[in-house]
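What follows is the content of entry.pdb, which has PDB, C-alpha atoms:
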```
ATOM      1  CA  MET K 763      54.001  10.040 188.627
ATOM      2  CA  THR K 764      52.303   9.030 185.402
ATOM      3  CA  SER K 765      52.555  10.915 182.149
ATOM      4  CA  GLU K 766      48.789  11.415 182.310
ATOM      5  CA  LEU K 767      49.277  13.327 185.559
ATOM      6  CA  HIS K 768      52.061  15.355 183.955
ATOM      7  CA  GLN K 769      49.765  16.260 181.074
ATOM      8  CA  ARG K 770      47.037  17.361 183.454
ATOM      9  CA  ILE K 771      49.442  19.581 185.396
ATOM     10  CA  ARG K 772      50.960  21.025 182.219
ATOM     11  CA  GLY K 773      47.518  21.797 180.819
ATOM     12  CA  ASN K 774      46.499  23.689 183.949
ATOM     13  CA  PRO K 775      46.472  27.430 183.100
ATOM     14  CA  LYS K 776      47.449  28.202 186.709
ATOM     15  CA  TYR K 777      50.617  26.143 186.247
ATOM     16  CA  GLN K 778      51.532  27.879 182.988
ATOM     17  CA  ASP K 779      50.925  31.262 184.576
ATOM     18  CA  LEU K 780      53.036  30.311 187.615
ATOM     19  CA  VAL K 781      55.942  29.118 185.484
ATOM     20  CA  ARG K 782      55.913  32.296 183.415
ATOM     21  CA  ARG K 783      55.608  34.618 186.405
ATOM     22  CA  ARG K 784      58.193  32.791 188.469
ATOM     23  CA  GLY K 785      60.735  32.763 185.643
ATOM     24  CA  ARG K 786      60.193  36.433 184.925
ATOM     25  CA  ALA K 787      60.567  37.457 188.584
ATOM     26  CA  ALA K 788      63.731  35.372 189.081
ATOM     27  CA  TRP K 789      65.415  36.733 185.950
ATOM     28  CA  LEU K 790      64.330  40.310 186.685
ATOM     29  CA  LEU K 791      65.875  40.148 190.170
ATOM     30  CA  THR K 792      69.008  38.534 188.734
ATOM     31  CA  VAL K 793      69.411  41.163 186.007
ATOM     32  CA  ILE K 794      68.851  44.079 188.398
ATOM     33  CA  THR K 795      71.302  42.710 190.971
ATOM     34  CA  LEU K 796      73.985  41.876 188.424
ATOM     35  CA  GLY K 797      73.436  45.227 186.656
ATOM     36  CA  LEU K 798      73.948  47.183 189.868
ATOM     37  CA  PHE K 799      76.973  45.097 190.812
ATOM     38  CA  PHE K 800      78.688  45.470 187.444
ATOM     39  CA  ALA K 801      77.839  49.175 187.304
ATOM     40  CA  PHE K 802      79.644  49.501 190.634
ATOM     41  CA  ILE K 803      82.632  47.457 189.411
ATOM     42  CA  LEU K 804      82.833  49.465 186.173
ATOM     43  CA  VAL K 805      82.701  52.775 188.027
ATOM     44  CA  ALA K 806      85.474  51.561 190.327
ATOM     45  CA  ALA K 807      87.549  50.464 187.334
ATOM     46  CA  LEU K 808      86.971  53.367 184.941
ATOM     47  CA  ASP K 809      86.362  56.351 187.201
ATOM     48  CA  PRO K 810      87.905  55.734 190.639
ATOM     49  CA  GLY K 811      87.867  59.480 191.288
ATOM     50  CA  LEU K 812      84.083  59.477 191.482
ATOM     51  CA  LEU K 813      84.101  56.853 194.251
ATOM     52  CA  ALA K 814      86.762  58.830 196.101
ATOM     53  CA  THR K 815      84.530  61.870 196.629
ATOM     54  CA  PRO K 816      83.864  62.444 200.327
ATOM     55  CA  VAL K 817      80.189  62.157 201.264
ATOM     56  CA  ILE K 818      79.913  62.336 205.057
ATOM     57  CA  GLY K 819      82.946  64.049 206.558
ATOM     58  CA  ILE K 820      85.955  62.144 205.252
ATOM     59  CA  THR K 821      83.921  58.986 204.480
ATOM     60  CA  THR K 822      84.046  58.482 200.723
ATOM     61  CA  LEU K 823      81.272  57.362 198.382
ATOM     62  CA  ALA K 824      83.069  54.017 197.937
ATOM     63  CA  VAL K 825      82.632  53.093 201.590
ATOM     64  CA  VAL K 826      78.963  54.119 201.583
ATOM     65  CA  VAL K 827      78.238  52.091 198.428
ATOM     66  CA  GLY K 828      80.158  49.138 199.840
ATOM     67  CA  ALA K 829      78.129  49.254 203.019
ATOM     68  CA  LEU K 830      74.819  49.598 201.168
ATOM     69  CA  MET K 831      75.526  46.647 198.869
ATOM     70  CA  PRO K 832      74.979  43.922 201.521
ATOM     71  CA  VAL K 833      71.860  45.775 202.679
ATOM     72  CA  TYR K 834      70.510  45.716 199.133
ATOM     73  CA  LEU K 835      71.326  41.995 198.746
ATOM     74  CA  TRP K 836      69.595  41.296 202.034
ATOM     75  CA  PHE K 837      66.587  43.214 200.740
ATOM     76  CA  VAL K 838      66.296  41.337 197.389
ATOM     77  CA  THR K 839      66.657  38.003 199.198
ATOM     78  CA  GLY K 840      63.755  39.114 201.387
ATOM     79  CA  ILE K 841      61.678  39.944 198.299
ATOM     80  CA  TYR K 842      62.389  36.519 196.817
ATOM     81  CA  ILE K 843      61.511  34.708 200.052
ATOM     82  CA  ARG K 844      58.276  36.702 200.260
ATOM     83  CA  LEU K 845      57.374  35.799 196.686
ATOM     84  CA  THR K 846      58.015  32.078 197.191
ATOM     85  CA  SER K 847      56.353  31.631 200.555
ATOM     86  CA  GLN K 848      53.364  33.928 200.117
ATOM     87  CA  ASP K 849      52.658  33.495 196.421
ATOM     88  CA  TYR K 850      54.212  30.473 194.714
ATOM     89  CA  ASP K 851      53.791  27.894 197.460
ATOM     90  CA  LYS K 852      50.051  28.579 197.724
ATOM     91  CA  ILE K 853      49.539  28.252 193.963
ATOM     92  CA  ILE K 854      51.644  25.073 193.871
ATOM     93  CA  GLU K 855      49.463  23.627 196.620
ATOM     94  CA  GLN K 856      46.310  24.499 194.603
ATOM     95  CA  ILE K 857      47.742  22.932 191.446
ATOM     96  CA  THR K 858      48.661  19.688 193.233
ATOM     97  CA  ARG K 859      45.207  19.515 194.776
ATOM     98  CA  GLU K 860      43.529  20.005 191.390
ATOM     99  CA  ALA K 861      45.834  17.474 189.718
ATOM    100  CA  ASN K 862      45.118  14.762 192.292
ATOM    101  CA  GLN K 863      41.347  15.142 192.072
TER
ATOM    102  CA  MET L1395      84.799   2.950 213.435
ATOM    103  CA  LYS L1396      88.086   1.892 211.910
ATOM    104  CA  ALA L1397      88.284   5.112 209.886
ATOM    105  CA  PHE L1398      87.483   7.112 212.991
ATOM    106  CA  VAL L1399      90.297   5.524 214.986
ATOM    107  CA  LEU L1400      92.628   6.020 212.044
ATOM    108  CA  LYS L1401      91.743   9.713 211.796
ATOM    109  CA  ALA L1402      92.152  10.213 215.535
ATOM    110  CA  THR L1403      95.586   8.558 215.496
ATOM    111  CA  LEU L1404      96.569  10.638 212.514
ATOM    112  CA  VAL L1405      95.566  13.880 214.234
ATOM    113  CA  LEU L1406      97.304  12.896 217.459
ATOM    114  CA  SER L1407     100.509  11.883 215.738
ATOM    115  CA  THR L1408     100.511  15.126 213.740
ATOM    116  CA  LEU L1409     100.048  17.054 216.962
ATOM    117  CA  VAL L1410     102.861  15.250 218.757
ATOM    118  CA  TRP L1411     105.141  15.612 215.771
ATOM    119  CA  SER L1412     104.400  19.310 215.275
ATOM    120  CA  SER L1413     104.802  20.159 218.949
ATOM    121  CA  ALA L1414     108.090  18.238 218.973
ATOM    122  CA  ALA L1415     109.259  20.130 215.900
ATOM    123  CA  PHE L1416     108.119  23.374 217.476
ATOM    124  CA  ALA L1417     109.985  22.593 220.698
ATOM    125  CA  ALA L1418     113.135  21.751 218.739
ATOM    126  CA  GLU L1419     112.890  25.046 216.937
ATOM    127  CA  THR L1420     112.519  27.173 220.039
ATOM    128  CA  GLN L1421     114.669  25.436 222.644
ATOM    129  CA  SER L1422     113.952  27.718 225.550
ATOM    130  CA  ARG L1423     110.150  27.778 225.400
ATOM    131  CA  GLU L1424     107.999  25.488 227.546
ATOM    132  CA  PRO L1425     105.174  23.585 225.801
ATOM    133  CA  ASN L1426     101.921  25.488 226.072
ATOM    134  CA  VAL L1427      99.932  22.908 228.046
ATOM    135  CA  PRO L1428      96.540  24.703 228.222
ATOM    136  CA  ALA L1429      96.628  25.334 224.460
ATOM    137  CA  ILE L1430      97.413  21.679 223.701
ATOM    138  CA  ILE L1431      94.675  20.492 226.051
ATOM    139  CA  MET L1432      92.169  22.884 224.442
ATOM    140  CA  PHE L1433      93.230  21.693 221.009
ATOM    141  CA  LEU L1434      92.855  18.018 221.940
ATOM    142  CA  LEU L1435      89.493  18.716 223.556
ATOM    143  CA  PHE L1436      88.269  20.554 220.480
ATOM    144  CA  VAL L1437      89.488  17.897 218.052
ATOM    145  CA  SER L1438      88.021  15.023 220.063
ATOM    146  CA  LEU L1439      84.711  16.864 220.394
ATOM    147  CA  THR L1440      84.562  17.510 216.640
ATOM    148  CA  LEU L1441      85.501  13.907 215.825
ATOM    149  CA  GLY L1442      82.955  12.656 218.347
ATOM    150  CA  ILE L1443      80.161  14.735 216.796
ATOM    151  CA  THR L1444      81.205  13.614 213.315
ATOM    152  CA  TYR L1445      81.187   9.960 214.397
ATOM    153  CA  TRP L1446      77.789  10.341 216.042
ATOM    154  CA  ALA L1447      76.357  12.084 212.947
ATOM    155  CA  ALA L1448      77.920   9.594 210.530
ATOM    156  CA  LYS L1449      76.286   6.701 212.386
ATOM    157  CA  ARG L1450      72.879   8.275 211.829
ATOM    158  CA  THR L1451      73.448   8.923 208.125
ATOM    159  CA  ARG L1452      71.814   6.244 206.007
ATOM    160  CA  THR L1453      70.778   7.693 202.635
ATOM    161  CA  ALA L1454      71.969  10.368 200.211
ATOM    162  CA  THR L1455      69.196  12.656 201.498
ATOM    163  CA  ASP L1456      70.567  12.213 205.020
ATOM    164  CA  PHE L1457      74.054  13.062 203.821
ATOM    165  CA  TYR L1458      73.367  16.104 201.634
ATOM    166  CA  ALA L1459      70.201  17.563 203.096
ATOM    167  CA  ALA L1460      70.127  16.140 206.661
ATOM    168  CA  GLY L1461      67.039  14.131 205.778
ATOM    169  CA  ARG L1462      65.275  17.410 204.878
ATOM    170  CA  THR L1463      64.469  18.003 208.534
ATOM    171  CA  ILE L1464      66.463  21.212 209.056
ATOM    172  CA  THR L1465      64.437  24.390 209.563
ATOM    173  CA  GLY L1466      65.219  27.692 207.862
ATOM    174  CA  THR L1467      66.705  29.202 211.011
ATOM    175  CA  GLN L1468      68.912  26.175 211.693
ATOM    176  CA  ASN L1469      70.144  26.211 208.123
ATOM    177  CA  GLY L1470      70.800  29.951 208.324
ATOM    178  CA  LEU L1471      72.891  29.405 211.462
ATOM    179  CA  ALA L1472      74.799  26.594 209.742
ATOM    180  CA  ILE L1473      75.576  28.758 206.713
ATOM    181  CA  ALA L1474      76.585  31.672 208.940
ATOM    182  CA  GLY L1475      78.913  29.364 210.897
ATOM    183  CA  ASP L1476      80.330  28.058 207.663
ATOM    184  CA  LEU L1477      81.142  31.582 206.470
ATOM    185  CA  LEU L1478      82.531  32.817 209.794
ATOM    186  CA  SER L1479      85.541  30.664 209.117
ATOM    187  CA  ALA L1480      89.270  31.150 208.877
ATOM    188  CA  ALA L1481      88.815  32.300 205.269
ATOM    189  CA  THR L1482      86.640  35.181 206.412
ATOM    190  CA  LEU L1483      88.427  36.114 209.615
ATOM    191  CA  LEU L1484      91.984  35.794 208.318
ATOM    192  CA  GLY L1485      91.651  35.848 204.527
ATOM    193  CA  ILE L1486      89.294  38.765 204.023
ATOM    194  CA  SER L1487      90.768  40.950 206.750
ATOM    195  CA  SER L1488      94.300  40.394 205.471
ATOM    196  CA  LEU L1489      93.115  41.014 201.917
ATOM    197  CA  ILE L1490      91.629  44.357 202.962
ATOM    198  CA  PHE L1491      94.778  45.127 204.965
ATOM    199  CA  ALA L1492      97.012  44.363 201.961
ATOM    200  CA  LYS L1493      94.911  45.676 199.072
ATOM    201  CA  GLY L1494      92.651  48.249 200.673
ATOM    202  CA  TYR L1495      89.373  48.869 198.909
ATOM    203  CA  ASP L1496      90.091  46.185 196.266
ATOM    204  CA  GLY L1497      89.931  43.576 199.011
ATOM    205  CA  TYR L1498      86.623  45.007 200.159
ATOM    206  CA  MET L1499      85.243  44.718 196.614
ATOM    207  CA  TYR L1500      86.408  41.107 196.541
ATOM    208  CA  CYS L1501      84.273  40.229 199.535
ATOM    209  CA  LEU L1502      81.292  42.014 197.957
ATOM    210  CA  CYS L1503      81.676  39.643 194.974
ATOM    211  CA  LEU L1504      81.190  36.686 197.315
ATOM    212  CA  LEU L1505      78.033  38.251 198.694
ATOM    213  CA  VAL L1506      76.551  38.898 195.240
ATOM    214  CA  ALA L1507      77.003  35.225 194.302
ATOM    215  CA  PHE L1508      74.607  33.996 196.982
ATOM    216  CA  PRO L1509      71.375  35.730 195.847
ATOM    217  CA  MET L1510      72.235  34.697 192.262
ATOM    218  CA  MET L1511      72.311  31.061 193.356
ATOM    219  CA  LEU L1512      69.048  31.597 195.224
ATOM    220  CA  PHE L1513      67.223  33.163 192.265
ATOM    221  CA  ILE L1514      68.441  30.799 189.566
ATOM    222  CA  MET L1515      69.301  27.464 191.206
ATOM    223  CA  ALA L1516      67.529  27.020 194.542
ATOM    224  CA  GLU L1517      64.030  26.424 193.183
ATOM    225  CA  ARG L1518      65.268  23.887 190.638
ATOM    226  CA  LEU L1519      67.266  21.988 193.238
ATOM    227  CA  ARG L1520      64.195  21.745 195.426
ATOM    228  CA  ASN L1521      61.788  20.813 192.632
ATOM    229  CA  LEU L1522      63.993  18.056 191.256
ATOM    230  CA  GLY L1523      65.037  16.776 194.685
ATOM    231  CA  LYS L1524      68.684  16.888 193.629
ATOM    232  CA  TYR L1525      71.673  18.100 195.612
ATOM    233  CA  THR L1526      74.291  19.604 193.320
ATOM    234  CA  PHE L1527      74.516  21.798 190.247
ATOM    235  CA  ALA L1528      75.964  18.879 188.251
ATOM    236  CA  ASP L1529      72.952  16.748 189.202
ATOM    237  CA  ILE L1530      70.530  19.259 187.665
ATOM    238  CA  THR L1531      72.428  19.758 184.436
ATOM    239  CA  ALA L1532      72.954  15.998 184.124
ATOM    240  CA  PHE L1533      69.219  15.491 184.661
ATOM    241  CA  ARG L1534      68.384  17.780 181.747
ATOM    242  CA  LEU L1535      71.279  17.067 179.402
ATOM    243  CA  SER L1536      73.303  13.981 178.632
ATOM    244  CA  GLN L1537      74.936  12.544 181.752
ATOM    245  CA  ARG L1538      78.559  11.789 180.928
ATOM    246  CA  PRO L1539      79.817  15.048 179.326
ATOM    247  CA  VAL L1540      78.093  17.158 181.971
ATOM    248  CA  ARG L1541      79.591  15.143 184.817
ATOM    249  CA  ILE L1542      83.050  15.281 183.213
ATOM    250  CA  VAL L1543      82.853  19.089 182.825
ATOM    251  CA  ALA L1544      81.573  19.498 186.390
ATOM    252  CA  ALA L1545      84.340  17.286 187.778
ATOM    253  CA  PHE L1546      87.012  19.201 185.858
ATOM    254  CA  SER L1547      85.733  22.620 186.893
ATOM    255  CA  GLY L1548      85.555  21.452 190.508
ATOM    256  CA  LEU L1549      89.133  20.173 190.383
ATOM    257  CA  VAL L1550      90.380  23.384 188.723
ATOM    258  CA  VAL L1551      88.773  25.464 191.483
ATOM    259  CA  VAL L1552      90.350  23.260 194.156
ATOM    260  CA  ILE L1553      93.814  23.374 192.565
ATOM    261  CA  PHE L1554      93.960  27.143 191.988
TER
END
```
Same coordinates, now as structure tokens:
Amino acid sequence: MTSELHQRIRGNPKYQDLVRRRGRAAWLLTVITLGLFFAFILVAALDPGLLATPVIGITTLAVVVGALMPVYLWFVTGIYIRLTSQDYDKIIEQITREANQ
Amino acid sequence: MKAFVLKATLVLSTLVWSSAAFAAETQSREPNVPAIIMFLLFVSLTLGITYWAAKRTRTATDFYAAGRTITGTQNGLAIAGDLLSAATLLGISSLIFAKGYDGYMYCLCLLVAFPMMLFIMAERLRNLGKYTFADITAFRLSQRPVRIVAAFSGLVVVIF
């Protein structure tokens, strides 16, 4: 890897766009996930009565939220995998091809 | 090979010692032969696989990333096997038994940590071809202080 090659990759508008988009998506997913998680923790800490309300029969809201949490995490991981394999990897391949020309 | 023999002897002597101690404690009970045989079988199998794998390991890439030849599904199975451990089966279930919903929230915390690592760290690890969090931070910042902090935080986690 020469610094000339680095310059060419850095100057590529596709690369700059990819870096910006990728960073934004990663941080957005992180903030949403952490926000939901801490909202849940804060509700459990400050208003346990709310989580104790029965939803289905005697099953409380706490159990339903607890069961949905892994499903949500599974879902966001899926979104991230989709983004990387269907979007980023193709653009990275294009950028490398253009840089090696 | 030497280390392997040493480990095997160590395990065997521990086994003999513990079964002797166990027998001394409960005079009337017979030694559980099938359980000991299963244990020995399991230990020798694990040590055998480890020895076989260690012989094939040549570089750091081999050691940390299995030469980058593992597929997504294989890696998923490995991580799942790693997590279906004593900590999960005994630790989490006893935590929920003892603390109720608090224990359940504790195991949700573990789950939340994994996507965070994926979103923030995974791409960087792959792009830089490094293996640990300390490697990345040391790559970007000055080596010594970062490595010292990483070593200390690792030791603190292990101790507590």
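One distance worth recording is that between CA of Lys776 in chain K and CA of Ile857 in chain K, which is 7.1 Å.
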Report task. Using the chain letters and numbering of this document, enumerate as a PyMOL selection string the residues selected by the PyMOL selection byres ((chain L) within 9 of (chain K)). Result -> chain L and resi 1495+1498-1499+1502-1503+1505-1506+1508-1510+1512-1514
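For the pair CA of Phe1546 in chain L and CA of Arg1520 in chain L, the interatomic distance is 24.9 Å.
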Requested in this report: Write out as number ranges by chain the residues lying within 8 Å of Ile1530 in chain L, counting all atoms listed in the file and excluding same-chain residues fewer than 6 positions away.
Outcome: L: 1518-1519, 1522, 1524
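Between CA of Val1543 in chain L and CA of Ala1528 in chain L the interatomic distance comes to 8.8 Å.
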Requested in this report: On this file, the PyMOL selection byres ((chain L and resi 1531) around 12) gives some set of residues; write that set as a list in words.
Outcome: Met1515, Arg1518, Leu1519, Leu1522, Lys1524, Tyr1525, Thr1526, Phe1527, Ala1528, Asp1529, Ile1530, Ala1532, Phe1533, Arg1534, Leu1535, Ser1536, Gln1537, Arg1538, Pro1539, Val1540, Arg1541, Ile1542, Val1543 and Ala1544 of chain L
Query raised in the report: If we count only C-alpha atoms, what is near Val805 in chain K at a cut-off of 12 Å, once residues fewer than 6 positions away on the same chain are taken out, given as a PyMOL selection string?
Result: chain K and resi 798-799+811-814+823-824+827
Query - Ground truth for the PyMOL selection byres ((chain K and resi 767) around 12), written as a PyMOL selection string - result: chain K and resi 763-766+768-774+857-863
For the residues in the current selection, export C-alpha atoms as a PDB file, in the frame of the given file.
```pdb
ATOM      1  CA  MET K 763      54.001  10.040 188.627  1.00  0.00           C
ATOM      2  CA  THR K 764      52.303   9.030 185.402  1.00  0.00           C
ATOM      3  CA  SER K 765      52.555  10.915 182.149  1.00  0.00           C
ATOM      4  CA  GLU K 766      48.789  11.415 182.310  1.00  0.00           C
ATOM      5  CA  HIS K 768      52.061  15.355 183.955  1.00  0.00           C
ATOM      6  CA  GLN K 769      49.765  16.260 181.074  1.00  0.00           C
ATOM      7  CA  ARG K 770      47.037  17.361 183.454  1.00  0.00           C
ATOM      8  CA  ILE K 771      49.442  19.581 185.396  1.00  0.00           C
ATOM      9  CA  ARG K 772      50.960  21.025 182.219  1.00  0.00           C
ATOM     10  CA  GLY K 773      47.518  21.797 180.819  1.00  0.00           C
ATOM     11  CA  ASN K 774      46.499  23.689 183.949  1.00  0.00           C
ATOM     12  CA  ILE K 857      47.742  22.932 191.446  1.00  0.00           C
ATOM     13  CA  THR K 858      48.661  19.688 193.233  1.00  0.00           C
ATOM     14  CA  ARG K 859      45.207  19.515 194.776  1.00  0.00           C
ATOM     15  CA  GLU K 860      43.529  20.005 191.390  1.00  0.00           C
ATOM     16  CA  ALA K 861      45.834  17.474 189.718  1.00  0.00           C
ATOM     17  CA  ASN K 862      45.118  14.762 192.292  1.00  0.00           C
ATOM     18  CA  GLN K 863      41.347  15.142 192.072  1.00  0.00           C
TER      19      GLN K 863
END
```
Can I get N, CA and C atoms for range 1426-1437 of chain L, as a PDB file, in the first residue's frame?
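Dumped to out-v8.pdb:
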```pdb
ATOM      1  N   ASN L1426     -18.254 -44.038  41.514  1.00  0.00           N
ATOM      2  CA  ASN L1426     -19.147 -44.062  40.360  1.00  0.00           C
ATOM      3  C   ASN L1426     -18.328 -44.308  39.089  1.00  0.00           C
ATOM      4  N   VAL L1427     -18.167 -45.592  38.753  1.00  0.00           N
ATOM      5  CA  VAL L1427     -17.262 -45.969  37.656  1.00  0.00           C
ATOM      6  C   VAL L1427     -17.690 -45.396  36.298  1.00  0.00           C
ATOM      7  N   PRO L1428     -18.966 -45.531  35.891  1.00  0.00           N
ATOM      8  CA  PRO L1428     -19.343 -44.965  34.586  1.00  0.00           C
ATOM      9  C   PRO L1428     -19.066 -43.470  34.489  1.00  0.00           C
ATOM     10  N   ALA L1429     -19.318 -42.736  35.603  1.00  0.00           N
ATOM     11  CA  ALA L1429     -19.105 -41.287  35.571  1.00  0.00           C
ATOM     12  C   ALA L1429     -17.624 -40.971  35.397  1.00  0.00           C
ATOM     13  N   ILE L1430     -16.758 -41.728  36.099  1.00  0.00           N
ATOM     14  CA  ILE L1430     -15.318 -41.477  35.990  1.00  0.00           C
ATOM     15  C   ILE L1430     -14.834 -41.805  34.584  1.00  0.00           C
ATOM     16  N   ILE L1431     -15.346 -42.905  34.025  1.00  0.00           N
ATOM     17  CA  ILE L1431     -14.935 -43.286  32.672  1.00  0.00           C
ATOM     18  C   ILE L1431     -15.368 -42.211  31.673  1.00  0.00           C
ATOM     19  N   MET L1432     -16.622 -41.731  31.817  1.00  0.00           N
ATOM     20  CA  MET L1432     -17.118 -40.681  30.927  1.00  0.00           C
ATOM     21  C   MET L1432     -16.256 -39.429  31.046  1.00  0.00           C
ATOM     22  N   PHE L1433     -15.913 -39.107  32.295  1.00  0.00           N
ATOM     23  CA  PHE L1433     -15.098 -37.909  32.530  1.00  0.00           C
ATOM     24  C   PHE L1433     -13.741 -38.048  31.848  1.00  0.00           C
ATOM     25  N   LEU L1434     -13.094 -39.197  32.061  1.00  0.00           N
ATOM     26  CA  LEU L1434     -11.774 -39.430  31.459  1.00  0.00           C
ATOM     27  C   LEU L1434     -11.856 -39.380  29.942  1.00  0.00           C
ATOM     28  N   LEU L1435     -12.906 -39.994  29.405  1.00  0.00           N
ATOM     29  CA  LEU L1435     -13.110 -40.019  27.957  1.00  0.00           C
ATOM     30  C   LEU L1435     -13.230 -38.593  27.427  1.00  0.00           C
ATOM     31  N   PHE L1436     -14.050 -37.809  28.125  1.00  0.00           N
ATOM     32  CA  PHE L1436     -14.313 -36.438  27.692  1.00  0.00           C
ATOM     33  C   PHE L1436     -13.043 -35.597  27.747  1.00  0.00           C
ATOM     34  N   VAL L1437     -12.312 -35.739  28.865  1.00  0.00           N
ATOM     35  CA  VAL L1437     -11.083 -34.949  29.028  1.00  0.00           C
ATOM     36  C   VAL L1437     -10.060 -35.336  27.977  1.00  0.00           C
TER      37      VAL L1437
END
```
